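Asker: Take a look at protein15.tsv, TSV, C-alpha atoms and all ligand atoms:
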```
chain	number	residue	atom	x	y	z
M	1	MET	CA	-7.37	-2.76	8.67
M	2	LEU	CA	-9.46	-2.70	11.84
M	3	LEU	CA	-10.74	-6.17	11.11
M	4	GLY	CA	-7.13	-7.32	10.60
M	5	ALA	CA	-6.11	-5.88	13.97
M	6	LEU	CA	-9.10	-7.52	15.64
M	7	THR	CA	-8.31	-10.86	14.02
M	8	ASP	CA	-4.70	-10.59	15.23
M	9	LEU	CA	-5.92	-9.90	18.75
M	10	LEU	CA	-8.28	-12.85	18.79
M	11	PHE	CA	-6.09	-15.26	16.82
M	12	PRO	CA	-2.41	-14.36	17.27
M	13	ARG	CA	-0.42	-15.24	14.16
M	14	ALA	CA	1.92	-18.21	14.43
M	15	CYS	CA	5.43	-17.74	13.11
M	16	MET	CA	5.84	-19.49	9.74
M	17	GLY	CA	9.37	-20.40	10.73
M	18	CYS	CA	8.92	-22.06	14.13
M	19	GLY	CA	5.20	-22.00	14.94
M	20	LYS	CA	5.55	-19.81	18.06
M	21	PRO	CA	3.42	-16.65	18.27
M	22	ALA	CA	4.75	-13.99	15.89
M	23	ARG	CA	5.09	-10.40	17.03
M	24	GLU	CA	2.95	-7.84	15.21
M	25	ALA	CA	5.79	-5.88	13.63
M	26	ALA	CA	7.19	-8.98	12.04
M	27	ARG	CA	3.80	-10.42	11.05
M	28	TYR	CA	4.53	-13.99	9.96
M	29	PHE	CA	8.04	-14.27	11.34
M	30	CYS	CA	8.95	-14.10	15.01
M	31	TRP	CA	11.97	-12.03	16.05
M	32	ASP	CA	13.92	-15.22	16.86
M	33	CYS	CA	13.53	-16.52	13.32
M	34	LEU	CA	14.26	-13.09	11.81
M	35	SER	CA	17.42	-12.78	13.88
M	36	ARG	CA	18.55	-16.24	12.72
M	37	LEU	CA	18.38	-15.31	9.03
M	38	ASP	CA	21.75	-15.65	7.38
M	39	VAL	CA	21.90	-12.01	6.26
M	40	ILE	CA	24.45	-11.36	3.52
M	41	ARG	CA	27.33	-9.26	4.77
M	42	PRO	CA	30.64	-8.23	3.18
M	43	PRO	CA	32.80	-9.49	1.66
M	44	PHE	CA	30.78	-10.03	-1.51
M	45	CYS	CA	31.41	-9.56	-5.24
M	46	ARG	CA	31.03	-5.91	-6.29
M	47	LEU	CA	28.90	-6.91	-9.31
M	48	CYS	CA	26.83	-10.00	-8.53
M	49	GLY	CA	26.84	-9.62	-4.74
M	50	ASP	CA	27.82	-13.24	-4.20
M	51	PRO	CA	29.24	-13.56	-0.69
M	52	VAL	CA	32.57	-15.30	-0.14
M	53	ASP	CA	33.54	-17.22	2.94
M	54	GLY	CA	36.70	-15.97	4.54
M	55	ALA	CA	38.56	-12.73	3.98
M	56	ALA	CA	38.62	-10.58	0.85
M	57	GLU	CA	40.00	-7.10	0.49
M	58	GLY	CA	37.66	-4.20	-0.38
M	59	ASP	CA	36.32	-4.10	-3.94
M	60	PHE	CA	36.59	-7.45	-5.66
M	61	LEU	CA	35.04	-9.42	-8.49
M	62	CYS	CA	34.22	-13.12	-8.18
M	63	SER	CA	35.66	-15.59	-10.69
M	64	GLU	CA	32.24	-15.99	-12.35
M	65	CYS	CA	31.92	-12.23	-13.04
M	66	LEU	CA	35.54	-12.11	-14.25
M	67	SER	CA	34.93	-14.90	-16.78
M	68	HIS	CA	31.38	-13.85	-17.83
M	69	ALA	CA	30.68	-10.14	-17.28
M	70	PRO	CA	27.01	-9.98	-16.22
M	71	ALA	CA	24.45	-8.01	-18.24
M	72	PHE	CA	23.04	-6.45	-15.05
M	73	ASP	CA	24.86	-3.60	-13.32
M	74	GLN	CA	24.64	-5.06	-9.82
M	75	ALA	CA	22.79	-7.78	-7.94
M	76	ARG	CA	22.10	-7.94	-4.22
M	77	SER	CA	20.12	-10.35	-2.01
M	78	ALA	CA	18.87	-10.03	1.55
M	79	ALA	CA	19.93	-13.39	3.02
M	80	ARG	CA	21.20	-16.87	2.17
M	81	TYR	CA	18.71	-19.45	0.88
M	82	ARG	CA	18.93	-21.62	3.98
M	83	GLY	CA	16.97	-22.65	7.05
M	84	VAL	CA	13.74	-20.78	7.72
M	85	LEU	CA	14.10	-18.56	4.66
M	86	GLN	CA	14.38	-21.58	2.38
M	87	THR	CA	11.38	-23.43	3.85
M	88	THR	CA	9.16	-20.33	3.92
M	89	LEU	CA	10.10	-19.29	0.37
M	90	GLN	CA	9.14	-22.81	-0.73
M	91	ASP	CA	5.81	-22.50	1.13
M	92	PHE	CA	5.32	-19.13	-0.58
M	93	LYS	CA	6.15	-20.34	-4.07
M	94	TYR	CA	4.93	-23.93	-4.20
M	95	HIS	CA	2.21	-24.10	-1.53
M	96	GLY	CA	0.42	-20.80	-2.10
M	97	ALA	CA	1.51	-19.05	1.13
M	98	THR	CA	1.07	-15.72	-0.62
M	99	TRP	CA	0.41	-13.92	2.67
M	100	LEU	CA	4.20	-14.06	3.21
M	101	SER	CA	4.78	-11.53	0.42
M	102	ARG	CA	4.61	-8.58	2.81
M	103	ASP	CA	7.29	-10.03	5.12
M	104	PHE	CA	9.53	-10.84	2.15
M	105	GLY	CA	8.80	-7.34	0.82
M	106	MET	CA	10.21	-5.95	4.06
M	107	LEU	CA	13.38	-7.99	3.59
M	108	LEU	CA	13.65	-6.61	0.05
M	109	LEU	CA	13.14	-3.10	1.40
M	110	ALA	CA	15.92	-3.52	3.97
M	111	CYS	CA	18.24	-4.85	1.27
M	112	PHE	CA	17.27	-2.00	-1.10
M	113	GLN	CA	17.94	0.59	1.60
M	114	THR	CA	21.30	-0.99	2.42
M	115	HIS	CA	22.64	-1.22	-1.14
M	116	TYR	CA	20.53	0.80	-3.57
M	117	SER	CA	19.07	3.77	-1.68
M	118	ALA	CA	21.43	6.23	-3.40
M	119	LEU	CA	20.44	5.03	-6.89
M	120	ALA	CA	17.96	6.74	-9.19
M	121	ILE	CA	15.47	4.03	-10.25
M	122	ASP	CA	12.60	4.65	-12.70
M	123	THR	CA	10.64	1.44	-12.55
M	124	ILE	CA	10.37	-2.02	-10.97
M	125	LEU	CA	10.16	-5.13	-13.15
M	126	TYR	CA	10.16	-8.79	-12.17
M	127	VAL	CA	11.16	-12.13	-13.62
M	128	PRO	CA	8.14	-13.48	-15.53
M	129	LEU	CA	6.82	-17.05	-15.48
M	130	PHE	CA	5.77	-18.92	-18.59
M	131	PRO	CA	2.01	-18.09	-18.87
M	132	ALA	CA	0.81	-21.71	-18.50
M	133	LYS	CA	2.92	-22.09	-15.37
M	134	GLU	CA	1.57	-18.86	-13.91
M	135	ARG	CA	-1.98	-20.08	-14.59
M	136	ASP	CA	-1.25	-23.36	-12.80
M	137	ARG	CA	0.25	-21.55	-9.81
M	138	SER	CA	-2.36	-18.76	-10.04
M	139	PHE	CA	0.27	-16.13	-9.18
M	140	ASN	CA	3.82	-15.11	-9.97
M	141	GLN	CA	5.84	-15.02	-6.74
M	142	ALA	CA	8.29	-12.45	-8.17
M	143	GLY	CA	5.34	-10.23	-9.16
M	144	LEU	CA	3.91	-10.38	-5.63
M	145	LEU	CA	7.34	-9.45	-4.24
M	146	ALA	CA	7.72	-6.57	-6.71
M	147	HIS	CA	4.33	-5.15	-5.72
M	148	ALA	CA	5.08	-5.62	-2.01
M	149	LEU	CA	8.31	-3.67	-2.42
M	150	SER	CA	6.59	-1.01	-4.53
M	151	THR	CA	4.09	-0.48	-1.69
M	152	GLN	CA	6.96	-0.16	0.82
M	153	LEU	CA	8.76	2.32	-1.45
M	154	ARG	CA	5.61	4.43	-1.78
M	155	GLY	CA	5.48	5.34	-5.42
M	156	LEU	CA	8.16	3.49	-7.35
M	157	PRO	CA	5.90	1.87	-9.99
M	158	VAL	CA	5.85	-1.74	-11.17
M	159	LYS	CA	5.58	-1.69	-14.96
M	160	GLN	CA	6.11	-5.21	-16.15
M	161	ARG	CA	7.41	-5.44	-19.76
M	162	LEU	CA	9.08	-8.85	-19.59
M	163	VAL	CA	7.44	-12.02	-20.88
M	164	LYS	CA	8.59	-15.61	-20.90
M	165	LEU	CA	8.28	-17.16	-24.34
M	166	GLN	CA	8.88	-20.81	-23.53
M	167	PRO	CA	8.98	-23.04	-20.49
M	168	THR	CA	12.39	-24.05	-19.17
M	169	GLN	CA	13.38	-27.20	-17.34
M	170	THR	CA	14.10	-26.73	-13.67
M	171	GLN	CA	17.55	-25.23	-13.11
M	172	THR	CA	18.17	-26.88	-9.76
M	173	HIS	CA	20.54	-29.60	-10.95
M	174	LEU	CA	22.21	-27.74	-13.83
M	175	THR	CA	25.72	-26.31	-13.88
M	176	ALA	CA	26.27	-22.57	-14.43
M	177	VAL	CA	27.11	-23.14	-18.11
M	178	LYS	CA	24.00	-25.29	-18.67
M	179	ARG	CA	21.82	-22.78	-16.82
M	180	ARG	CA	22.94	-20.02	-19.17
M	181	ALA	CA	22.12	-22.17	-22.20
M	182	ASN	CA	18.81	-23.27	-20.62
M	183	VAL	CA	17.44	-19.71	-20.36
M	184	HIS	CA	19.03	-18.20	-23.48
M	185	GLY	CA	16.39	-16.59	-25.70
M	186	THR	CA	13.47	-17.52	-23.41
M	187	PHE	CA	12.49	-13.94	-22.48
M	188	SER	CA	11.19	-11.04	-24.53
M	189	ILE	CA	10.14	-7.41	-24.01
M	190	THR	CA	6.56	-6.38	-24.73
M	191	ASP	CA	7.20	-2.66	-25.26
M	192	LYS	CA	10.78	-1.72	-26.07
M	193	SER	CA	10.04	2.02	-26.24
M	194	ALA	CA	8.96	1.89	-22.56
M	195	ILE	CA	12.32	0.34	-21.61
M	196	ALA	CA	14.67	2.62	-23.56
M	197	GLY	CA	16.63	4.90	-21.25
M	198	GLN	CA	15.07	3.42	-18.10
M	199	ARG	CA	16.91	2.60	-14.89
M	200	ILE	CA	15.32	-0.66	-13.78
M	201	LEU	CA	15.08	-2.58	-10.53
M	202	LEU	CA	14.57	-6.26	-11.37
M	203	ILE	CA	13.00	-8.46	-8.68
M	204	ASP	CA	13.10	-12.23	-8.17
M	205	ASP	CA	12.64	-14.53	-5.19
M	206	VAL	CA	15.89	-16.53	-5.30
M	207	MET	CA	19.12	-15.98	-7.23
M	208	THR	CA	21.46	-18.93	-7.58
M	209	THR	CA	23.94	-18.65	-10.45
M	210	GLY	CA	22.13	-15.56	-11.73
M	211	ALA	CA	21.50	-17.06	-15.19
M	212	THR	CA	17.80	-16.11	-15.18
M	213	VAL	CA	18.14	-12.51	-14.00
M	214	ASN	CA	21.15	-12.10	-16.27
M	215	GLU	CA	19.15	-13.22	-19.31
M	216	CYS	CA	16.34	-10.79	-18.39
M	217	ALA	CA	18.93	-8.02	-17.97
M	218	ARG	CA	20.46	-8.88	-21.33
M	219	MET	CA	17.07	-8.43	-23.05
M	220	LEU	CA	16.41	-5.20	-21.15
M	221	LYS	CA	19.82	-3.79	-22.13
M	222	GLN	CA	19.20	-4.87	-25.72
M	223	ALA	CA	15.94	-2.86	-25.60
M	224	GLY	CA	17.93	0.18	-24.48
M	225	ALA	CA	17.65	0.08	-20.67
M	226	GLU	CA	20.20	2.42	-19.16
M	227	ALA	CA	20.79	0.29	-16.06
M	228	VAL	CA	19.47	-2.91	-14.47
M	229	PHE	CA	19.85	-3.54	-10.75
M	230	VAL	CA	18.79	-6.96	-9.46
M	231	LEU	CA	17.27	-7.48	-6.03
M	232	THR	CA	16.26	-10.87	-4.62
M	233	VAL	CA	15.08	-12.10	-1.24
M	234	ALA	CA	17.49	-15.03	-1.13
M	235	ARG	CA	20.83	-16.11	-2.53
M	236	GLY	CA	21.41	-19.80	-3.22
V	1	ZN	ZN	9.80	-18.19	14.56
V	2	ZN	ZN	30.35	-11.78	-9.11
```
If you convert what's in this file into structure tokens, what do you get?

Answerer:
Amino acid sequence: MLLGALTDLLFPRACMGCGKPAREAARYFCWDCLSRLDVIRPPFCRLCGDPVDGAAEGDFLCSECLSHAPAFDQARSAARYRGVLQTTLQDFKYHGATWLSRDFGMLLLACFQTHYSALAIDTILYVPLFPAKERDRSFNQAGLLAHALSTQLRGLPVKQRLVKLQPTQTQTHLTAVKRRANVHGTFSITDKSAIAGQRILLIDDVMTTGATVNECARMLKQAGAEAVFVLTVARG
């Protein structure tokens, strides 16, 4: 701690977004970059949290949720997957910038406090990687985020029970229908008795169509989870 403070004094951190000196409270993001994040504000879908451009009255469901009711109870994300958030999440995930997990954990905390603070949650889980992929990357970004949030929430435990059984092709260029098919049956639960009756907070870095978190939620509900609330840093 002291050494960290001394290091900061001698070598001020550069903002990961713009390279200017970052302020201590924000660690790896300067206030300018934080204030430029495209934070998700209403109106958004009551279930999946997907924001809509333009006006929408009060409680509404998006067309995707109306045609395919999600397995999770709600999903919320801190900000849009654009600009600085997109480039830094890519640095985090693909270039090993794991030191960003605390900053992203603070975004998750702010989003949790905005949308989920009134909920009773028993445990935090996260979207697993296929083991060979996790070995290659040497970490699971969603796991780092889950632990960062757990630290911020002082006591809500991370008890991972999800595993990925097979690798999936990258979802980036797939349609919503193909994404659902791509992830179907790829996750499993290691200990169903630990999931039964639990109210779960499920963490991932980015949610796009929601196919991945939805498939995890489907398995968790099948194992008897009482509720699954999804929380991600970014929304594609
Ligand atoms: Zn900056
Ligand atoms: Zn929706």

Asker: Would you work out the distance separating CA of Ala148 (chain M) from CA of Gln169 (chain M), expressed in Å to one decimal?

Answerer: 27.7 Å

Asker: Considering only C-alpha atoms, state which residue in the set M:Ala181, M:Ile200, M:Leu66, M:Val233 is at the smallest distance from Ile40 (chain M).

Answerer: M:Val233

Asker: Give me, as JSON lines, each residue of chain M that comes within 7 Å of ligand ZN 2 (chain V), together with its shortest interatomic pair and the distance in Å at one decimal, counting all atoms listed in the file, with rows ordered by chain and rising residue number.

Answerer:
```
{"residue": "M:Cys45", "atom": "CA", "partner": "V:ZN2", "partner_atom": "ZN", "distance": 4.6}
{"residue": "M:Arg46", "atom": "CA", "partner": "V:ZN2", "partner_atom": "ZN", "distance": 6.5}
{"residue": "M:Leu47", "atom": "CA", "partner": "V:ZN2", "partner_atom": "ZN", "distance": 5.1}
{"residue": "M:Cys48", "atom": "CA", "partner": "V:ZN2", "partner_atom": "ZN", "distance": 4.0}
{"residue": "M:Gly49", "atom": "CA", "partner": "V:ZN2", "partner_atom": "ZN", "distance": 6.0}
{"residue": "M:Asp50", "atom": "CA", "partner": "V:ZN2", "partner_atom": "ZN", "distance": 5.7}
{"residue": "M:Leu61", "atom": "CA", "partner": "V:ZN2", "partner_atom": "ZN", "distance": 5.3}
{"residue": "M:Cys62", "atom": "CA", "partner": "V:ZN2", "partner_atom": "ZN", "distance": 4.2}
{"residue": "M:Ser63", "atom": "CA", "partner": "V:ZN2", "partner_atom": "ZN", "distance": 6.7}
{"residue": "M:Glu64", "atom": "CA", "partner": "V:ZN2", "partner_atom": "ZN", "distance": 5.6}
{"residue": "M:Cys65", "atom": "CA", "partner": "V:ZN2", "partner_atom": "ZN", "distance": 4.3}
```

Asker: Please find the residues contacting ligand ZN 1 (chain V) at a distance of at most 7 Å between atoms, with all atoms listed in the file counted, and report them as an mmCIF file with C-alpha atoms, in the coordinates of the input.

Answerer:
```
data_model
loop_
_atom_site.group_PDB
_atom_site.id
_atom_site.type_symbol
_atom_site.label_atom_id
_atom_site.label_comp_id
_atom_site.auth_asym_id
_atom_site.auth_seq_id
_atom_site.Cartn_x
_atom_site.Cartn_y
_atom_site.Cartn_z
ATOM 1 C CA CYS M 15 5.430 -17.740 13.110
ATOM 2 C CA MET M 16 5.840 -19.490 9.740
ATOM 3 C CA GLY M 17 9.370 -20.400 10.730
ATOM 4 C CA CYS M 18 8.920 -22.060 14.130
ATOM 5 C CA GLY M 19 5.200 -22.000 14.940
ATOM 6 C CA LYS M 20 5.550 -19.810 18.060
ATOM 7 C CA ALA M 22 4.750 -13.990 15.890
ATOM 8 C CA PHE M 29 8.040 -14.270 11.340
ATOM 9 C CA CYS M 30 8.950 -14.100 15.010
ATOM 10 C CA TRP M 31 11.970 -12.030 16.050
ATOM 11 C CA ASP M 32 13.920 -15.220 16.860
ATOM 12 C CA CYS M 33 13.530 -16.520 13.320
#
```

Asker: From the options M:Ala55, M:Val183, M:Ala234, M:Leu201, which residue's atoms come nearest to Val39 (chain M), counting all atoms listed in the file?

Answerer: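 Closest residue, counting all atoms listed in the file: M:Ala234.
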
Asker: Choose the residue, out of M:Leu129, M:Val177, M:Ile203, M:Ala78, that has the smallest atom-to-atom separation from Lys159 (chain M); count all atoms listed in the file.

Answerer: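 Going through M:Leu129, M:Val177, M:Ile203, M:Ala78 one by one, the smallest distance to Lys159 (chain M) is for M:Ile203.
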
Asker: So how many Å separate CA of Leu145 (chain M) and CA of Ser101 (chain M), to one decimal?

Answerer: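 Distance reported for this atom pair: 5.7 Å.
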
Asker: Please report the interatomic distance between CA of Asp103 (chain M) and CA of Thr208 (chain M) in Å with one decimal.

Answerer: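 Straight-line distance from CA of Asp103 (chain M) to CA of Thr208 (chain M) works out to 21.0 Å.
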
Asker: Find the residue from M:Ala196, M:Leu144, M:Val228, M:Ala223 that sits nearest to Ala97 (chain M); use all atoms listed in the file when measuring.

Answerer: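 Going through M:Ala196, M:Leu144, M:Val228, M:Ala223 one by one, the smallest distance to Ala97 (chain M) is for M:Leu144.
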